[in-house]
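Student: Here it is, the structure in full.
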Amino acid sequence: MVLKNLNDLRRLVEGGPRKKLVLAAAQDQHSLGAIIKAWKDNIIEPILVGDKEEIESICQSNNYDITGVRIVHEPNIEKSVETAVRMVSSNQADILMKGKIGSATLLRCVLNKEWGLRTGNLLSHFALFEVDTYQKVIAVTDVAMNIAPTLHDKIAIVNNSVACLNRLGYKMPKVAVLGAVEMVNENMQATLDAALLSKMNQREQIRNCIIDGPLAFDNAVSLESAQLKGIKSEVAGDTDLLLMPDIEVGNVLYKSLVFFAKAKVASIILGAMVPIVLTSRSDSEQAKFDSILLAAAACR
Amino acid sequence: MLALKKKHRVAIAWAQDANTVGALGKAVRKGFIEAVLIGNPSEIRGVCRSEGIDEKAFTVVDSDSEENASCEAVRLAKTGEADIVMKGLVGTDKFLRAVMDKEKGIMLPSAVLSYVCALQIPAYHKLLFITDPAVIPFPDLDQKVAMARYAIEMAQRFGIEKPKIALIGATEKVSRHFENSVDYSIMCKMANRNQIKDCIMDGPLDIFLACDKKSIAIKGVETPVDGDADILLFPSLESSNPFYKGLMLFAGGELAGLIRGTQKPVILMSRSESEISKYFCIALSCLMA
């Protein structure tokens with residue numbers, strides 16, 4: 001199955017039991033807005049951890065009806081994060097979401113050795129874009145978390161993303177390893193890593209996907225470009241997942257898609273026990289809602 | 001099987017040993033070469049007599065030392081008076097110094113000097129080309145790419161349009177702890193992107209997966225080489241050299257090999273190599289000239 005747009009994610013959550021999402025430091029208007037909408041749409045069951053008074057006053061002034069929503073009062077921000085994370089590690093919640101706190105604080109708690117959400121895997125960022133000019137949604141990783149991933153890191157990032165795509169219904173997602181060119185060039189480390197990832201995929205050392213790279217961006221998303229260059233590839237022109245060489249390329253691509261191509265985007269953090277919604281304050285409410293939807297669909 | 005269009009002229013440095021002169025005599029008799037023997041004329045005459053070859057079959061050029069004979073053989077090739085250079089009873093280092101001399105030598109500009117062998121093994125269903133059993137101890141990525149290209153070119157001269165080339169390792173898995181498996185992955189992608197042309201390449205593969213279909217079935221590894229390799233590219237001299245010597249000694253193998261990266265074919269064999277191997281080398285060099 002292939003997702004044509006982000007709304008298709010709803011089909012994956014419909015009918016199933018509603019996933020429990022716990023919002024850490026919940027006194028945050030944007031997050032609350034998105035969560036209430038997702039709750040009303042039967043996508044999730046929210047649990048709000050934070051300053052109860054503040055939460056209620058935000059909801060009142062924005063006309064969010066939270067009758068029946070569980071609120072856990074914890075005015076101390078660090079403690080509210082710990083409480084939220086502990087709820088996840090003790091199986092009381094299925095999704096963790098960041099409220100009014102810095103990402104670093106949240107991640108520190110996620111990585112806590114005693115009660116955190118460690119799995120031994122690398123944490124990585126996974127974004128799903130809906131762009132009018134592409135035939136389906138396209139996943140991009142890692143545009144926000146890993147700065148300059150080594151080959152070892154890239155393997156972990158691909159594995160995280162492929163496992164997620166598998167859960168979203170992609171049996172064998174097509175993974176393009178992005179480079180500036182589609183040729184192997186000894187002076188461009190990204191192209192060498194791409195060659196290795198392709199071979200490891202061929203040898204089933206990286207499973208459940210089809211990897212090809214290096215592919216330049218145009219070859220990855222346009223069959224015509226790939227054919228013009230004479231590239232023989234199962235992935236070219238039909239990419240499901242784009243693997244970025246580093247955060248700078250990834251971040252610029254992410255932001256150009258949003259600002260210039262008016263892409264809709266949903267994003268989550270993978271590699272922990274559960275999906276983590278870690279949108280930034282500058283993300284739109286729609287992006288936050290779509291990210292919650294993605295997290296719910298990506299739950300085991 | 002291999003029709004040669006013209007007679008090639010071979011210049012031999014210090015052609016004073018029985019195996020070399022014997023092989024040359026046979027090739028001249030078969031009519032596919034002319035031979036210029038460079039060395040001490042009376043020594044050459046002596047060897048011809050003891051081998052029962054008429055010295056008039058050869059052109060003899062007088063030379064007073066191994067070094068000078070090597071330089072003269074290379075000079076003849078450089079000026080076009082000879083098509084092929086061959087090492088006689090000279091040490092390899094002295095001979096190669098003449099070949100590789102920046103001004104007087106016959107290296108192709110910025111080429112990698114390497115060695116390709118064609119092996120005939122009774123237990124294998126066709127010729128097997130191997131590289132590099134003689135020159136580069138630990139090839140880096142660029143050298144491996146050059147080795148692959150030379151071997152592909154040689155296989156093509158034997159009429160194999162798209163040779164299957166296996167990049168040999170101890171296992172088929174990729175690991176950053178095995179540097180060669182890293183190079184091999186990169187090379188496969190280069191072949192895939194047509195940066196290395198006209199071949200079907202896969203690696204790392206062990207020799208079983210490269211040359212034995214049964215092993216493929218057992219291991220369940222999908223590989224386009226499919227147990228039917230034409231070429232084996234080895235990660236080091238220390239792996240390739242014992243491989244071919246083992247085959248010669250225990251499995252009835254015969255070989256013909258050539259230096260690559262030169263303007264003209266250069267025949268370089270161990271002085272202890274048999275007459276028949278030297279003869280095969282001469283034939284191979286004519287094919288590659």
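So you can find residues: chains in the structure tokens are A, B, ... in the order shown, residues in each start at 1, and ligands are numbered from 1 in order.
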Give the residues of chain A that lie within 12 Å of chain B; count only C-alpha atoms, and format the answer as JSON, numbers by chain.
Tutor: {"A": [150, 151, 152, 155, 181, 182, 183, 184, 185, 186, 188, 189, 190, 191, 192, 193, 194, 195, 196, 197, 198, 199, 200, 201, 202, 203, 204, 205, 206, 211, 212, 213, 214, 215, 226, 229, 230, 231, 232, 233, 234]}
Student: DSSP on the backbone: what in region 1-180 of chain B comes out alpha helix (DSSP H), as a ChimeraX atom specification?
Tutor: /B:18-30,41-51,66-79,92-100,141-157,179-180
Student: Fewer than 2 positions away in the same chain doesn't count, so skip those; otherwise give me all residues within 12 Å of Leu294 (chain A), counting only C-alpha atoms, as number ranges by chain.
Tutor: A: 3, 5-13, 19, 38, 43-44, 95, 126-129, 139, 164-165, 167-168, 265-270, 275-278, 287-292, 296-299
Student: Name all residues at most 12 Å from region 240-251 of chain B (count only C-alpha atoms; drop same-chain ones fewer than 5 positions away) and give them as JSON, numbers by chain.
Tutor: {"B": [115, 116, 117, 118, 119, 120, 121, 122, 123, 124, 128, 129, 130, 131, 132, 133, 134, 135, 136, 137, 138, 139, 167, 168, 169, 207, 232, 233, 234, 235, 256, 257, 270, 273, 274, 277]}
Student: Write out the residues from the selection above, keeping N, CA and C atoms, as an mmCIF file, in the first residue's frame.
Tutor:
data_model
loop_
_atom_site.group_PDB
_atom_site.id
_atom_site.type_symbol
_atom_site.label_atom_id
_atom_site.label_comp_id
_atom_site.auth_asym_id
_atom_site.auth_seq_id
_atom_site.Cartn_x
_atom_site.Cartn_y
_atom_site.Cartn_z
ATOM 1 N N TYR B 115 49.008 -6.783 -13.115
ATOM 2 C CA TYR B 115 49.254 -8.059 -13.776
ATOM 3 C C TYR B 115 47.955 -8.841 -13.887
ATOM 4 N N VAL B 116 47.687 -9.374 -15.062
ATOM 5 C CA VAL B 116 46.499 -10.220 -15.241
ATOM 6 C C VAL B 116 46.932 -11.575 -15.774
ATOM 7 N N CYS B 117 46.347 -12.622 -15.225
ATOM 8 C CA CYS B 117 46.658 -13.990 -15.632
ATOM 9 C C CYS B 117 45.423 -14.674 -16.176
ATOM 10 N N ALA B 118 45.625 -15.496 -17.200
ATOM 11 C CA ALA B 118 44.562 -16.406 -17.619
ATOM 12 C C ALA B 118 44.954 -17.795 -17.133
ATOM 13 N N LEU B 119 44.065 -18.433 -16.376
ATOM 14 C CA LEU B 119 44.369 -19.755 -15.821
ATOM 15 C C LEU B 119 43.498 -20.810 -16.468
ATOM 16 N N GLN B 120 44.147 -21.902 -16.828
ATOM 17 C CA GLN B 120 43.387 -23.046 -17.329
ATOM 18 C C GLN B 120 43.410 -24.094 -16.232
ATOM 19 N N ILE B 121 42.212 -24.442 -15.725
ATOM 20 C CA ILE B 121 42.131 -25.375 -14.599
ATOM 21 C C ILE B 121 41.210 -26.517 -15.007
ATOM 22 N N PRO B 122 41.694 -27.755 -14.978
ATOM 23 C CA PRO B 122 40.843 -28.881 -15.407
ATOM 24 C C PRO B 122 39.505 -28.930 -14.668
ATOM 25 N N ALA B 123 39.471 -28.511 -13.407
ATOM 26 C CA ALA B 123 38.230 -28.627 -12.641
ATOM 27 C C ALA B 123 37.249 -27.491 -12.903
ATOM 28 N N TYR B 124 37.626 -26.505 -13.712
ATOM 29 C CA TYR B 124 36.704 -25.398 -14.003
ATOM 30 C C TYR B 124 36.329 -25.449 -15.467
ATOM 31 N N LEU B 128 39.882 -18.986 -16.428
ATOM 32 C CA LEU B 128 39.616 -18.109 -15.297
ATOM 33 C C LEU B 128 40.725 -17.052 -15.263
ATOM 34 N N PHE B 129 40.304 -15.788 -15.348
ATOM 35 C CA PHE B 129 41.295 -14.708 -15.293
ATOM 36 C C PHE B 129 41.449 -14.257 -13.841
ATOM 37 N N ILE B 130 42.678 -14.035 -13.426
ATOM 38 C CA ILE B 130 42.853 -13.549 -12.057
ATOM 39 C C ILE B 130 43.767 -12.321 -12.035
ATOM 40 N N THR B 131 43.535 -11.468 -11.081
ATOM 41 C CA THR B 131 44.344 -10.282 -10.909
ATOM 42 C C THR B 131 44.371 -9.888 -9.436
ATOM 43 N N ASP B 132 45.477 -9.398 -8.925
ATOM 44 C CA ASP B 132 46.805 -9.267 -9.488
ATOM 45 C C ASP B 132 47.732 -10.182 -8.701
ATOM 46 N N PRO B 133 48.241 -11.255 -9.314
ATOM 47 C CA PRO B 133 49.064 -12.199 -8.554
ATOM 48 C C PRO B 133 50.543 -11.851 -8.529
ATOM 49 N N ALA B 134 50.932 -10.677 -9.035
ATOM 50 C CA ALA B 134 52.368 -10.464 -9.200
ATOM 51 C C ALA B 134 52.895 -9.075 -8.880
ATOM 52 N N VAL B 135 52.104 -8.040 -8.996
ATOM 53 C CA VAL B 135 52.709 -6.705 -8.927
ATOM 54 C C VAL B 135 52.280 -5.881 -7.710
ATOM 55 N N ILE B 136 50.975 -5.696 -7.481
ATOM 56 C CA ILE B 136 50.530 -4.762 -6.427
ATOM 57 C C ILE B 136 50.253 -5.535 -5.131
ATOM 58 N N PRO B 137 51.025 -5.263 -4.091
ATOM 59 C CA PRO B 137 50.847 -6.042 -2.853
ATOM 60 C C PRO B 137 49.476 -5.823 -2.203
ATOM 61 N N PHE B 138 49.121 -4.563 -1.952
ATOM 62 C CA PHE B 138 47.844 -4.252 -1.304
ATOM 63 C C PHE B 138 47.138 -3.163 -2.101
ATOM 64 N N PRO B 139 46.406 -3.538 -3.133
ATOM 65 C CA PRO B 139 45.812 -2.508 -3.987
ATOM 66 C C PRO B 139 44.799 -1.640 -3.238
ATOM 67 N N LEU B 167 34.625 -10.174 -6.973
ATOM 68 C CA LEU B 167 35.594 -9.505 -6.109
ATOM 69 C C LEU B 167 35.747 -10.376 -4.863
ATOM 70 N N ILE B 168 36.922 -10.941 -4.712
ATOM 71 C CA ILE B 168 37.080 -12.047 -3.767
ATOM 72 C C ILE B 168 37.374 -11.587 -2.339
ATOM 73 N N GLY B 169 36.613 -12.158 -1.420
ATOM 74 C CA GLY B 169 36.836 -11.944 0.006
ATOM 75 C C GLY B 169 36.661 -13.266 0.736
ATOM 76 N N ILE B 207 35.342 -17.700 -2.864
ATOM 77 C CA ILE B 207 35.619 -18.393 -4.128
ATOM 78 C C ILE B 207 34.524 -19.402 -4.461
ATOM 79 N N LEU B 232 38.476 -13.346 -11.342
ATOM 80 C CA LEU B 232 38.546 -13.185 -9.899
ATOM 81 C C LEU B 232 39.493 -12.032 -9.591
ATOM 82 N N LEU B 233 38.994 -11.053 -8.880
ATOM 83 C CA LEU B 233 39.853 -9.960 -8.437
ATOM 84 C C LEU B 233 40.163 -10.196 -6.958
ATOM 85 N N PHE B 234 41.453 -10.287 -6.659
ATOM 86 C CA PHE B 234 41.865 -10.608 -5.288
ATOM 87 C C PHE B 234 42.221 -9.344 -4.510
ATOM 88 N N PRO B 235 42.057 -9.414 -3.196
ATOM 89 C CA PRO B 235 42.330 -8.230 -2.376
ATOM 90 C C PRO B 235 43.814 -7.963 -2.163
ATOM 91 N N ALA B 256 48.852 -18.174 -18.365
ATOM 92 C CA ALA B 256 49.530 -17.187 -19.183
ATOM 93 C C ALA B 256 49.211 -15.841 -18.562
ATOM 94 N N GLY B 257 50.247 -15.014 -18.403
ATOM 95 C CA GLY B 257 49.993 -13.733 -17.746
ATOM 96 C C GLY B 257 50.727 -12.600 -18.415
ATOM 97 N N SER B 270 58.227 -15.491 -13.871
ATOM 98 C CA SER B 270 59.276 -15.966 -12.981
ATOM 99 C C SER B 270 60.279 -16.760 -13.821
ATOM 100 N N GLU B 273 59.604 -20.396 -14.394
ATOM 101 C CA GLU B 273 58.384 -20.840 -15.079
ATOM 102 C C GLU B 273 58.742 -21.804 -16.225
ATOM 103 N N SER B 274 57.830 -22.739 -16.482
ATOM 104 C CA SER B 274 58.089 -23.769 -17.487
ATOM 105 C C SER B 274 58.059 -23.191 -18.900
ATOM 106 N N SER B 277 54.446 -22.616 -20.158
ATOM 107 C CA SER B 277 53.827 -21.395 -19.636
ATOM 108 C C SER B 277 54.369 -20.176 -20.365
#
Student: Could you name the residues that touch Lys79 (chain A) at 12 Å or less, counting only C-alpha atoms, but leaving out those on the same chain fewer than 5 positions away, as a PyMOL selection string?
Tutor: chain A and resi 24-25+49-51+72-74+84-86+101+105-106+109
Student: For the residues in the current selection, export N, CA and C atoms as a compact mmCIF listing (two decimals), in the first residue's frame.
Tutor:
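Result file follows (out-v3.txt):
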# COMPACT_ATOMS: atom_id res chain seq x y z
N ALA A 24 3.87 15.99 27.55
CA ALA A 24 4.70 16.42 28.68
C ALA A 24 4.78 17.94 28.72
N ALA A 25 4.65 18.54 29.90
CA ALA A 25 4.58 19.99 30.06
C ALA A 25 3.46 20.53 29.17
N VAL A 49 0.05 16.03 31.08
CA VAL A 49 0.85 16.13 32.30
C VAL A 49 1.44 17.53 32.35
N GLY A 50 1.13 18.28 33.47
CA GLY A 50 1.66 19.63 33.55
C GLY A 50 0.92 20.43 34.61
N ASP A 51 1.01 21.73 34.47
CA ASP A 51 0.36 22.63 35.42
C ASP A 51 -1.13 22.70 35.10
N VAL A 72 -2.85 15.11 34.61
CA VAL A 72 -2.01 14.79 35.76
C VAL A 72 -1.30 16.08 36.16
N HIS A 73 -1.58 16.54 37.37
CA HIS A 73 -1.05 17.84 37.79
C HIS A 73 0.42 17.69 38.23
N GLU A 74 1.29 18.40 37.54
CA GLU A 74 2.72 18.42 37.91
C GLU A 74 3.29 19.76 37.45
N ALA A 84 5.67 11.94 32.47
CA ALA A 84 5.15 11.53 31.15
C ALA A 84 5.96 10.35 30.61
N VAL A 85 7.28 10.45 30.71
CA VAL A 85 8.13 9.38 30.18
C VAL A 85 7.90 8.08 30.95
N ARG A 86 7.79 8.21 32.28
CA ARG A 86 7.56 7.01 33.09
C ARG A 86 6.22 6.33 32.72
N ILE A 101 8.50 22.69 26.56
CA ILE A 101 9.85 22.46 27.05
C ILE A 101 10.80 22.40 25.86
N THR A 105 15.74 18.89 26.94
CA THR A 105 15.25 18.39 28.22
C THR A 105 14.44 17.11 28.02
N LEU A 106 13.58 17.15 27.03
CA LEU A 106 12.75 15.97 26.77
C LEU A 106 13.61 14.76 26.41
N CYS A 109 15.42 13.04 29.22
CA CYS A 109 14.54 12.13 29.95
C CYS A 109 14.30 10.84 29.17
Student: At a cut-off of 10 Å, using only C-alpha atoms, what residues contact Ala283 (chain B)? Leave out same-chain residues fewer than 2 positions from it and give the result as a VMD selection string.
Tutor: chain B and resid 2 4 8 27 32 to 33 256 277 to 281 285 to 288
Student: Include N, CA and C atoms and write out the residues we just selected as a PDB file, in the first residue's frame.
Tutor:
ATOM      1  N   LEU B   2      42.116 -18.380 -31.686  1.00  0.00           N
ATOM      2  CA  LEU B   2      42.405 -16.956 -31.742  1.00  0.00           C
ATOM      3  C   LEU B   2      43.236 -16.655 -32.986  1.00  0.00           C
ATOM      4  N   LEU B   4      45.382 -14.611 -35.271  1.00  0.00           N
ATOM      5  CA  LEU B   4      46.224 -13.428 -35.151  1.00  0.00           C
ATOM      6  C   LEU B   4      46.426 -12.827 -36.535  1.00  0.00           C
ATOM      7  N   HIS B   8      53.946 -10.722 -34.831  1.00  0.00           N
ATOM      8  CA  HIS B   8      54.435  -9.701 -33.894  1.00  0.00           C
ATOM      9  C   HIS B   8      55.920  -9.899 -33.620  1.00  0.00           C
ATOM     10  N   ALA B  27      57.331 -20.666 -30.740  1.00  0.00           N
ATOM     11  CA  ALA B  27      56.437 -19.629 -31.273  1.00  0.00           C
ATOM     12  C   ALA B  27      56.881 -19.185 -32.662  1.00  0.00           C
ATOM     13  N   PHE B  32      53.935 -17.244 -35.482  1.00  0.00           N
ATOM     14  CA  PHE B  32      53.199 -16.039 -35.104  1.00  0.00           C
ATOM     15  C   PHE B  32      54.064 -14.939 -34.508  1.00  0.00           C
ATOM     16  N   ILE B  33      55.364 -15.196 -34.344  1.00  0.00           N
ATOM     17  CA  ILE B  33      56.236 -14.097 -33.912  1.00  0.00           C
ATOM     18  C   ILE B  33      57.572 -14.102 -34.657  1.00  0.00           C
ATOM     19  N   ALA B 256      48.852 -18.174 -18.365  1.00  0.00           N
ATOM     20  CA  ALA B 256      49.530 -17.187 -19.183  1.00  0.00           C
ATOM     21  C   ALA B 256      49.211 -15.841 -18.562  1.00  0.00           C
ATOM     22  N   SER B 277      54.446 -22.616 -20.158  1.00  0.00           N
ATOM     23  CA  SER B 277      53.827 -21.395 -19.636  1.00  0.00           C
ATOM     24  C   SER B 277      54.369 -20.176 -20.365  1.00  0.00           C
ATOM     25  N   LYS B 278      55.663 -20.182 -20.622  1.00  0.00           N
ATOM     26  CA  LYS B 278      56.261 -19.041 -21.332  1.00  0.00           C
ATOM     27  C   LYS B 278      55.700 -18.951 -22.757  1.00  0.00           C
ATOM     28  N   TYR B 279      55.505 -20.083 -23.343  1.00  0.00           N
ATOM     29  CA  TYR B 279      54.945 -20.124 -24.694  1.00  0.00           C
ATOM     30  C   TYR B 279      53.520 -19.545 -24.699  1.00  0.00           C
ATOM     31  N   PHE B 280      52.719 -19.945 -23.694  1.00  0.00           N
ATOM     32  CA  PHE B 280      51.353 -19.406 -23.581  1.00  0.00           C
ATOM     33  C   PHE B 280      51.382 -17.887 -23.408  1.00  0.00           C
ATOM     34  N   CYS B 281      52.361 -17.429 -22.628  1.00  0.00           N
ATOM     35  CA  CYS B 281      52.471 -15.985 -22.394  1.00  0.00           C
ATOM     36  C   CYS B 281      52.757 -15.250 -23.700  1.00  0.00           C
ATOM     37  N   SER B 285      50.404 -12.447 -25.307  1.00  0.00           N
ATOM     38  CA  SER B 285      50.868 -11.086 -25.585  1.00  0.00           C
ATOM     39  C   SER B 285      50.549 -10.691 -27.028  1.00  0.00           C
ATOM     40  N   CYS B 286      50.611 -11.656 -27.930  1.00  0.00           N
ATOM     41  CA  CYS B 286      50.268 -11.356 -29.328  1.00  0.00           C
ATOM     42  C   CYS B 286      48.787 -10.992 -29.440  1.00  0.00           C
ATOM     43  N   LEU B 287      47.976 -11.688 -28.630  1.00  0.00           N
ATOM     44  CA  LEU B 287      46.543 -11.410 -28.640  1.00  0.00           C
ATOM     45  C   LEU B 287      46.260 -10.003 -28.122  1.00  0.00           C
ATOM     46  N   MET B 288      47.052  -9.571 -27.162  1.00  0.00           N
ATOM     47  CA  MET B 288      46.806  -8.278 -26.527  1.00  0.00           C
ATOM     48  C   MET B 288      47.531  -7.135 -27.240  1.00  0.00           C
TER      49      MET B 288
END
Student: Which of these, B:Ile84, B:Ala15, B:Arg271, B:Gly22, has the shortest distance to Gly52 (chain B) once you count only C-alpha atoms?
Tutor: B:Gly22
Student: Could you tell me how far CA of Trp14 (chain B) sits from CA of Gly46 (chain B), in Å to one decimal place?
Tutor: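 About the pair CA of Gly46 (chain B) and CA of Trp14 (chain B): they are 13.5 Å apart.
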Student: Please report the interatomic distance between CA of Cys211 (chain B) and CA of Asn180 (chain B) in Å with one decimal.
Tutor: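 Computing the Euclidean distance for CA of Cys211 (chain B) and CA of Asn180 (chain B) yields 19.3 Å.
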Student: Take CA of Ser89 (chain A) and CA of Val158 (chain A) and report the distance between them in Å, one decimal.
Tutor: 24.3 Å
Student: Measuring atom to atom with only C-alpha atoms, identify which of B:Ala229, B:Ile38, B:Ala11, B:Leu268 is nearest to Ile160 (chain B).
Tutor: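 Nearest to Ile160 (chain B): B:Ala229.
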Student: Could you please write out, as a list in words, every residue of region 8-87 of chain B that DSSP assigns to strand (DSSP E)?
Tutor: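 Selection result, strand (DSSP E) within region 8-87 of chain B: His8, Arg9, Val10, Ala11, Ile12, Ala13, Ile33, Glu34, Ala35, Val36, Leu37, Ile38, Gly39, Thr59, Val60, Val61, Asp62, Ile84, Val85, Met86 and Lys87 of chain B.
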Student: For the selection just defined, write its residues with C-alpha atoms to a file, as a compact mmCIF listing (two decimals), in the first residue's frame.
Tutor:
# COMPACT_ATOMS: atom_id res chain seq x y z
CA HIS B 8 54.44 -9.70 -33.89
CA ARG B 9 58.02 -8.80 -33.11
CA VAL B 10 59.12 -9.74 -29.61
CA ALA B 11 62.22 -8.15 -28.00
CA ILE B 12 63.65 -10.32 -25.23
CA ALA B 13 65.95 -8.90 -22.56
CA ILE B 33 56.24 -14.10 -33.91
CA GLU B 34 59.64 -12.84 -34.87
CA ALA B 35 62.08 -12.77 -31.97
CA VAL B 36 64.90 -10.36 -31.21
CA LEU B 37 67.16 -11.94 -28.60
CA ILE B 38 69.21 -9.37 -26.70
CA GLY B 39 72.19 -10.59 -24.70
CA THR B 59 67.69 -11.91 -34.64
CA VAL B 60 70.47 -11.61 -32.07
CA VAL B 61 71.49 -8.22 -30.64
CA ASP B 62 74.69 -7.97 -28.69
CA ILE B 84 56.18 -6.89 -27.37
CA VAL B 85 58.82 -6.86 -24.65
CA MET B 86 59.79 -10.01 -22.77
CA LYS B 87 61.93 -10.66 -19.73
Student: Neighbours of region 52-58 of chain A within 12 Å (only C-alpha atoms; same-chain residues fewer than 3 positions away dropped), as a VMD selection string?
Tutor: chain A and resid 23 to 33 47 to 49 61 to 67 69 to 77 80 99 to 100
